[in-house]
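To keep things clear, I will list the structure first and then write my remarks on it.
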Amino acid sequence: MTPEQIQTALTTKAYDFLRTDDRLNGTIILLTLGGSHAYGMEKEGSDLDIRGIALNSKENILLGTDYGQVVDTPTDTTIYSFHKMLQLLTSNNPNTIEILGCRPEHYLRLTPIGRQLLEQRKMFLSKICIHTFGGYAGSQLRRLENKAARLVGQTQNEAYILKSINNAKYDFKHRYYPHDDSDICLYIDRSMQEDYESEIFMDVTLTHYPLRDWAGMWNEMKAIVSSYNKIGKRNEKAIGHDKLGKHMAHLLRLYMMCIDILEKEEIITYRESEHDLLMDIRNGKFLDDNRQPTPDFYDLLNEYEKRFEYAKHNTSLPDAPNHKKIDDFRMYVDEKIIKGEL
């Protein structure tokens, strides 16, 4: 679909919620493409994903409430509240930070405040992206290997789980009550369970620590373990729908985006220079006769992993986002809302 066709689609009844929902009517500051269209990896029949940001209301600001996001499943549209989006961008969430790096013609709606957000996008970038993008890529690789029926042993699977948890743990110190890394030590050791060769153990030495913060960390770690347990149940369905090539392409795309952020401090969502390669992968040119990823694909993946490793050790990005600049921008926007200027 062309940008013009997409703009026309937004005027149809299916998208009336953008105009009738009180949280969105007149408050959307940015509306753009998501998914394959945003990456330049769409095929004929690809779903149209719409992503956006809407301002919080005066009531939200003064009462300290937040609706978080509005999701319309039939149209695959997600509109984040301004406050929720700032939180996700600060944590370098890959699914939302890509909203700030789309092609100019892919911004279907962009107000002056939305444009200011795009112009100041570098305030969100930090070394946290190493772990968020790395975690997403690692999870995507594990799904890929399982979906390709290249099932790993139980011991290796534990190592994958621990790596994903450690990626998530990196950001705990920025979002939960302060603690030293050594206060929560996770490691793999011989298991006493009959069906396990080894498993992840933990040594925790937290004292006088807020229960709710510990519950938050525990729930995140538990969700990672649960996600790996569910992977096998999705294998047959994914292979049946021939989605393996798509997973392979998105795995490399994640590395490409993060390398750009680390090396250039730029968010490049639309992969123009790698378009042909990514589409070849998505269309199955790196699958063998048994629908398994070819050795050439794993060689390519290995090259991007090496580039990622080099970039993360040589990046000039700060350890954390520019919290002061982010807070100042939020206060600037919220003040305008309270004064009725937005």
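The way I read the labels, and the way they are meant: chains A, B, ... in the order of the structure tokens, residue 1 as the first residue of every chain, and ligand 1 as the first ligand shown, with later ones counted on from there.
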
Please provide the set of residues having any atom within 8 Å of A:Glu199, restricted to only C-alpha atoms, with same-chain residues fewer than 5 positions apart removed, written as a PyMOL selection string.
-> chain A and resi 155+158+188-191

Restrict the selected residues to N, CA and C atoms and save them as a compact mmCIF listing (two decimals), in the first residue's frame.
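What landed in part-v2.txt:
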# COMPACT_ATOMS: atom_id res chain seq x y z
N THR A 155 20.31 -28.62 28.97
CA THR A 155 21.36 -27.80 29.58
C THR A 155 21.59 -26.52 28.79
N GLU A 158 18.80 -24.04 29.32
CA GLU A 158 18.94 -23.29 30.57
C GLU A 158 19.88 -22.11 30.38
N ILE A 188 24.07 -21.41 36.81
CA ILE A 188 23.64 -22.76 36.44
C ILE A 188 24.48 -23.79 37.19
N ASP A 189 23.80 -24.78 37.74
CA ASP A 189 24.49 -25.85 38.47
C ASP A 189 23.76 -27.16 38.22
N ARG A 190 24.36 -28.24 38.67
CA ARG A 190 23.76 -29.56 38.50
C ARG A 190 22.40 -29.60 39.20
N SER A 191 21.42 -30.16 38.51
CA SER A 191 20.06 -30.21 39.05
C SER A 191 19.83 -31.49 39.85

For A:Lys306, list every protein, DNA or RNA residue within 12 Å, evaluated using only C-alpha atoms, and leave out those in the same chain fewer than 6 positions away; present the list as a ChimeraX atom specification.
-> /A:255-256,259,299-300,312-313

Within 12 Å of A:Gly26, counting only C-alpha atoms, which residues qualify if same-chain residues fewer than 2 places away don't, as a short mmCIF file (atom, residue, chain, number, x, y, z; two decimals) with N, CA, C and O atoms, in the first residue's frame?
data_model
loop_
_atom_site.label_atom_id
_atom_site.label_comp_id
_atom_site.auth_asym_id
_atom_site.auth_seq_id
_atom_site.Cartn_x
_atom_site.Cartn_y
_atom_site.Cartn_z
N PHE A 17 -12.50 4.78 15.56
CA PHE A 17 -12.11 4.90 16.97
C PHE A 17 -11.05 6.00 17.16
O PHE A 17 -10.95 6.59 18.24
N LEU A 18 -10.27 6.30 16.12
CA LEU A 18 -9.27 7.36 16.23
C LEU A 18 -9.92 8.72 16.42
O LEU A 18 -9.31 9.64 16.98
N ARG A 19 -11.17 8.82 15.98
CA ARG A 19 -11.89 10.09 16.06
C ARG A 19 -12.96 10.10 17.15
O ARG A 19 -13.38 11.17 17.60
N THR A 20 -13.41 8.91 17.57
CA THR A 20 -14.51 8.85 18.54
C THR A 20 -14.06 8.53 19.97
O THR A 20 -14.78 8.84 20.92
N ASP A 21 -12.91 7.90 20.11
CA ASP A 21 -12.41 7.60 21.46
C ASP A 21 -11.95 8.89 22.12
O ASP A 21 -11.11 9.62 21.58
N ASP A 22 -12.52 9.21 23.29
CA ASP A 22 -12.21 10.46 23.96
C ASP A 22 -10.73 10.62 24.27
O ASP A 22 -10.22 11.74 24.37
N ARG A 23 -10.04 9.50 24.46
CA ARG A 23 -8.61 9.57 24.77
C ARG A 23 -7.77 9.93 23.55
O ARG A 23 -6.63 10.39 23.70
N LEU A 24 -8.33 9.75 22.35
CA LEU A 24 -7.56 9.95 21.12
C LEU A 24 -8.02 11.13 20.29
O LEU A 24 -7.22 11.72 19.56
N ILE A 28 -3.83 13.02 19.36
CA ILE A 28 -2.76 12.25 18.72
C ILE A 28 -1.69 13.20 18.17
O ILE A 28 -2.00 14.09 17.37
N ILE A 29 -0.45 13.02 18.61
CA ILE A 29 0.65 13.88 18.16
C ILE A 29 1.52 13.20 17.12
O ILE A 29 2.31 13.85 16.43
N LEU A 30 1.37 11.88 17.00
CA LEU A 30 2.18 11.13 16.04
C LEU A 30 1.45 9.86 15.66
O LEU A 30 0.94 9.16 16.51
N ILE A 53 1.10 7.96 19.17
CA ILE A 53 1.26 8.53 20.50
C ILE A 53 0.19 9.60 20.68
O ILE A 53 -0.02 10.43 19.78
N ALA A 54 -0.48 9.59 21.82
CA ALA A 54 -1.51 10.59 22.13
C ALA A 54 -1.20 11.24 23.47
O ALA A 54 -0.71 10.58 24.39
N LEU A 55 -1.50 12.52 23.57
CA LEU A 55 -1.23 13.25 24.81
C LEU A 55 -2.12 12.76 25.94
O LEU A 55 -3.26 12.34 25.72
N ASN A 56 -1.59 12.84 27.15
CA ASN A 56 -2.41 12.58 28.33
C ASN A 56 -3.34 13.77 28.56
O ASN A 56 -3.06 14.89 28.14
N SER A 57 -4.44 13.53 29.24
CA SER A 57 -5.40 14.60 29.53
C SER A 57 -4.94 15.39 30.75
O SER A 57 -4.06 14.96 31.51
N ARG A 109 0.51 11.26 10.65
CA ARG A 109 0.10 12.46 11.37
C ARG A 109 1.26 12.88 12.26
O ARG A 109 1.85 12.05 12.95
N THR A 111 2.19 16.33 14.67
CA THR A 111 1.96 17.68 15.17
C THR A 111 3.30 18.31 15.56
O THR A 111 4.32 17.63 15.61
N LEU A 342 -2.58 23.05 24.50
CA LEU A 342 -2.56 21.89 23.61
C LEU A 342 -3.90 21.18 23.68
O LEU A 342 -4.52 21.12 24.74
#

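The protein and nucleic acid residues lying at most 10 Å from A:Thr96 are A:Gly34, A:Arg51, A:Gly52, A:Tyr80, A:Met85, A:Leu86, A:Leu88, A:Leu89, A:Ser91, A:Asn92, A:Asn93, A:Pro94, A:Glu98, A:Ile99, A:Leu100, A:Gly101, with only C-alpha atoms considered and sequence neighbours fewer than 2 positions away removed.
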
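Here atom CA of A:Tyr187 is placed at a distance of 13.1 Å from atom CA of A:Gln156.
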
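Among the candidate residues A:Leu287, A:Leu110, A:Cys185, A:Met279, the one lying nearest to A:Ile165 is A:Cys185, with distances computed using only C-alpha atoms.
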
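Near A:Gln140, within 9 Å and counting only C-alpha atoms, sit His247, Met248, His250 and Leu251 of chain A; same-chain residues fewer than 6 positions away were not included.
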
Convert the current residue selection to file output with N, CA and C atoms, as an mmCIF file, in the first residue's frame.
data_model
loop_
_atom_site.group_PDB
_atom_site.id
_atom_site.type_symbol
_atom_site.label_atom_id
_atom_site.label_comp_id
_atom_site.auth_asym_id
_atom_site.auth_seq_id
_atom_site.Cartn_x
_atom_site.Cartn_y
_atom_site.Cartn_z
ATOM 1 N N HIS A 247 10.746 -14.924 10.647
ATOM 2 C CA HIS A 247 11.490 -14.870 11.909
ATOM 3 C C HIS A 247 12.978 -14.663 11.657
ATOM 4 N N MET A 248 13.516 -15.326 10.638
ATOM 5 C CA MET A 248 14.929 -15.193 10.310
ATOM 6 C C MET A 248 15.265 -13.764 9.911
ATOM 7 N N HIS A 250 13.601 -10.975 10.650
ATOM 8 C CA HIS A 250 13.449 -10.033 11.765
ATOM 9 C C HIS A 250 14.583 -10.157 12.770
ATOM 10 N N LEU A 251 15.159 -11.340 12.888
ATOM 11 C CA LEU A 251 16.317 -11.508 13.772
ATOM 12 C C LEU A 251 17.482 -10.639 13.286
#

Tell me which protein, DNA and RNA residues are within 8 Å of A:Leu206, counting only C-alpha atoms, leaving out same-chain ones fewer than 3 positions away, and put them as a ChimeraX atom specification.
-> /A:179,183-184,209

Same residues, N, CA, C and O atoms, saved as a PDB file, in the first residue's frame:
ATOM      1  N   HIS A 179      20.049  -1.556  44.108  1.00  0.00           N
ATOM      2  CA  HIS A 179      20.698  -2.716  44.713  1.00  0.00           C
ATOM      3  C   HIS A 179      21.938  -3.044  43.905  1.00  0.00           C
ATOM      4  O   HIS A 179      22.076  -2.633  42.758  1.00  0.00           O
ATOM      5  N   ASP A 183      23.723  -8.693  44.702  1.00  0.00           N
ATOM      6  CA  ASP A 183      22.621  -9.012  45.615  1.00  0.00           C
ATOM      7  C   ASP A 183      21.691 -10.076  45.039  1.00  0.00           C
ATOM      8  O   ASP A 183      20.976 -10.745  45.784  1.00  0.00           O
ATOM      9  N   ILE A 184      21.659 -10.185  43.724  1.00  0.00           N
ATOM     10  CA  ILE A 184      20.841 -11.212  43.059  1.00  0.00           C
ATOM     11  C   ILE A 184      21.766 -11.946  42.097  1.00  0.00           C
ATOM     12  O   ILE A 184      22.045 -11.464  40.998  1.00  0.00           O
ATOM     13  N   TYR A 209      14.350  -4.583  51.721  1.00  0.00           N
ATOM     14  CA  TYR A 209      14.102  -4.236  50.319  1.00  0.00           C
ATOM     15  C   TYR A 209      12.596  -4.173  50.069  1.00  0.00           C
ATOM     16  O   TYR A 209      11.847  -5.035  50.538  1.00  0.00           O
TER      17      TYR A 209
END

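Pairwise distance (atom CA of A:Ile326, atom CA of A:Gln120) equals 9.0 Å.
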
Which stretch 257-289 of chain A residues have any atom within 10 Å of an atom of stretch 124-137 of chain A, and for each, what is the nearest pair of atoms with distance in Å to one decimal, counting only C-alpha atoms, rows sorted by chain and number, as a Markdown table?
| residue | atom | partner | partner_atom | distance |
| --- | --- | --- | --- | --- |
| A:Met257 | CA | A:Phe133 | CA | 8.6 |
| A:Cys258 | CA | A:Phe133 | CA | 6.4 |
| A:Ile259 | CA | A:Ile130 | CA | 9.1 |
| A:Ile261 | CA | A:Leu125 | CA | 7.5 |
| A:Leu262 | CA | A:Lys127 | CA | 7.7 |
| A:Glu265 | CA | A:Leu125 | CA | 7.3 |
| A:Glu266 | CA | A:Leu125 | CA | 8.7 |
| A:Ile267 | CA | A:Leu125 | CA | 9.1 |

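Nearest residue to A:Ser273 among A:Met1, A:Met221, A:Met41, A:Leu33 is A:Met41, counting only C-alpha atoms.
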
Output as an mmCIF file with N, CA, C and O atoms, in the first residue's frame all residues of stretch 87-223 of chain A that backbone DSSP marks as strand (DSSP E or B).
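What follows is the written file result-v1.cif:
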data_model
loop_
_atom_site.group_PDB
_atom_site.id
_atom_site.type_symbol
_atom_site.label_atom_id
_atom_site.label_comp_id
_atom_site.auth_asym_id
_atom_site.auth_seq_id
_atom_site.Cartn_x
_atom_site.Cartn_y
_atom_site.Cartn_z
ATOM 1 N N TYR A 107 5.077 8.908 8.369
ATOM 2 C CA TYR A 107 4.377 9.577 9.469
ATOM 3 C C TYR A 107 3.061 10.109 8.918
ATOM 4 O O TYR A 107 3.020 11.076 8.161
ATOM 5 N N LEU A 108 1.987 9.456 9.297
ATOM 6 C CA LEU A 108 0.669 9.765 8.767
ATOM 7 C C LEU A 108 0.052 10.980 9.442
ATOM 8 O O LEU A 108 -0.842 11.621 8.895
ATOM 9 N N ARG A 109 0.505 11.263 10.645
ATOM 10 C CA ARG A 109 0.096 12.462 11.366
ATOM 11 C C ARG A 109 1.258 12.880 12.257
ATOM 12 O O ARG A 109 1.850 12.050 12.949
ATOM 13 N N LEU A 110 1.617 14.154 12.236
ATOM 14 C CA LEU A 110 2.742 14.629 13.032
ATOM 15 C C LEU A 110 2.499 16.080 13.414
ATOM 16 O O LEU A 110 2.561 16.974 12.567
ATOM 17 N N ILE A 184 21.659 -10.185 43.724
ATOM 18 C CA ILE A 184 20.841 -11.212 43.059
ATOM 19 C C ILE A 184 21.766 -11.946 42.097
ATOM 20 O O ILE A 184 22.045 -11.464 40.998
ATOM 21 N N CYS A 185 22.235 -13.090 42.502
ATOM 22 C CA CYS A 185 23.191 -13.851 41.712
ATOM 23 C C CYS A 185 22.503 -15.086 41.124
ATOM 24 O O CYS A 185 21.966 -15.912 41.862
ATOM 25 N N LEU A 186 22.474 -15.171 39.800
ATOM 26 C CA LEU A 186 21.886 -16.314 39.106
ATOM 27 C C LEU A 186 22.993 -17.116 38.428
ATOM 28 O O LEU A 186 23.903 -16.540 37.828
ATOM 29 N N TYR A 187 22.901 -18.427 38.509
ATOM 30 C CA TYR A 187 23.940 -19.265 37.921
ATOM 31 C C TYR A 187 23.369 -20.656 37.646
ATOM 32 O O TYR A 187 22.314 -21.035 38.170
ATOM 33 N N ILE A 188 24.071 -21.408 36.810
ATOM 34 C CA ILE A 188 23.641 -22.761 36.445
ATOM 35 C C ILE A 188 24.477 -23.788 37.192
ATOM 36 O O ILE A 188 25.702 -23.666 37.279
ATOM 37 N N ASP A 189 23.804 -24.784 37.738
ATOM 38 C CA ASP A 189 24.491 -25.845 38.470
ATOM 39 C C ASP A 189 23.759 -27.161 38.221
ATOM 40 O O ASP A 189 22.654 -27.164 37.647
ATOM 41 N N ARG A 190 24.362 -28.238 38.671
ATOM 42 C CA ARG A 190 23.758 -29.560 38.498
ATOM 43 C C ARG A 190 22.399 -29.601 39.203
ATOM 44 O O ARG A 190 22.252 -29.150 40.339
ATOM 45 N N SER A 198 20.796 -29.930 34.427
ATOM 46 C CA SER A 198 21.207 -28.736 35.158
ATOM 47 C C SER A 198 20.047 -27.763 35.170
ATOM 48 O O SER A 198 19.088 -27.913 34.414
ATOM 49 N N GLU A 199 20.128 -26.761 36.026
ATOM 50 C CA GLU A 199 19.083 -25.734 36.065
ATOM 51 C C GLU A 199 19.637 -24.467 36.677
ATOM 52 O O GLU A 199 20.749 -24.440 37.233
ATOM 53 N N ILE A 200 18.858 -23.404 36.582
ATOM 54 C CA ILE A 200 19.270 -22.105 37.096
ATOM 55 C C ILE A 200 18.979 -22.039 38.597
ATOM 56 O O ILE A 200 17.880 -22.357 39.041
ATOM 57 N N PHE A 201 19.988 -21.616 39.351
ATOM 58 C CA PHE A 201 19.837 -21.405 40.785
ATOM 59 C C PHE A 201 20.041 -19.923 41.085
ATOM 60 O O PHE A 201 20.551 -19.171 40.256
ATOM 61 N N MET A 202 19.651 -19.519 42.270
ATOM 62 C CA MET A 202 19.782 -18.124 42.647
ATOM 63 C C MET A 202 20.261 -17.979 44.085
ATOM 64 O O MET A 202 19.889 -18.769 44.965
ATOM 65 N N ASP A 203 21.109 -16.983 44.315
ATOM 66 C CA ASP A 203 21.518 -16.564 45.649
ATOM 67 C C ASP A 203 21.064 -15.120 45.809
ATOM 68 O O ASP A 203 21.504 -14.239 45.061
ATOM 69 N N VAL A 204 20.180 -14.868 46.753
ATOM 70 C CA VAL A 204 19.625 -13.532 46.956
ATOM 71 C C VAL A 204 19.974 -13.053 48.357
ATOM 72 O O VAL A 204 19.725 -13.752 49.350
#
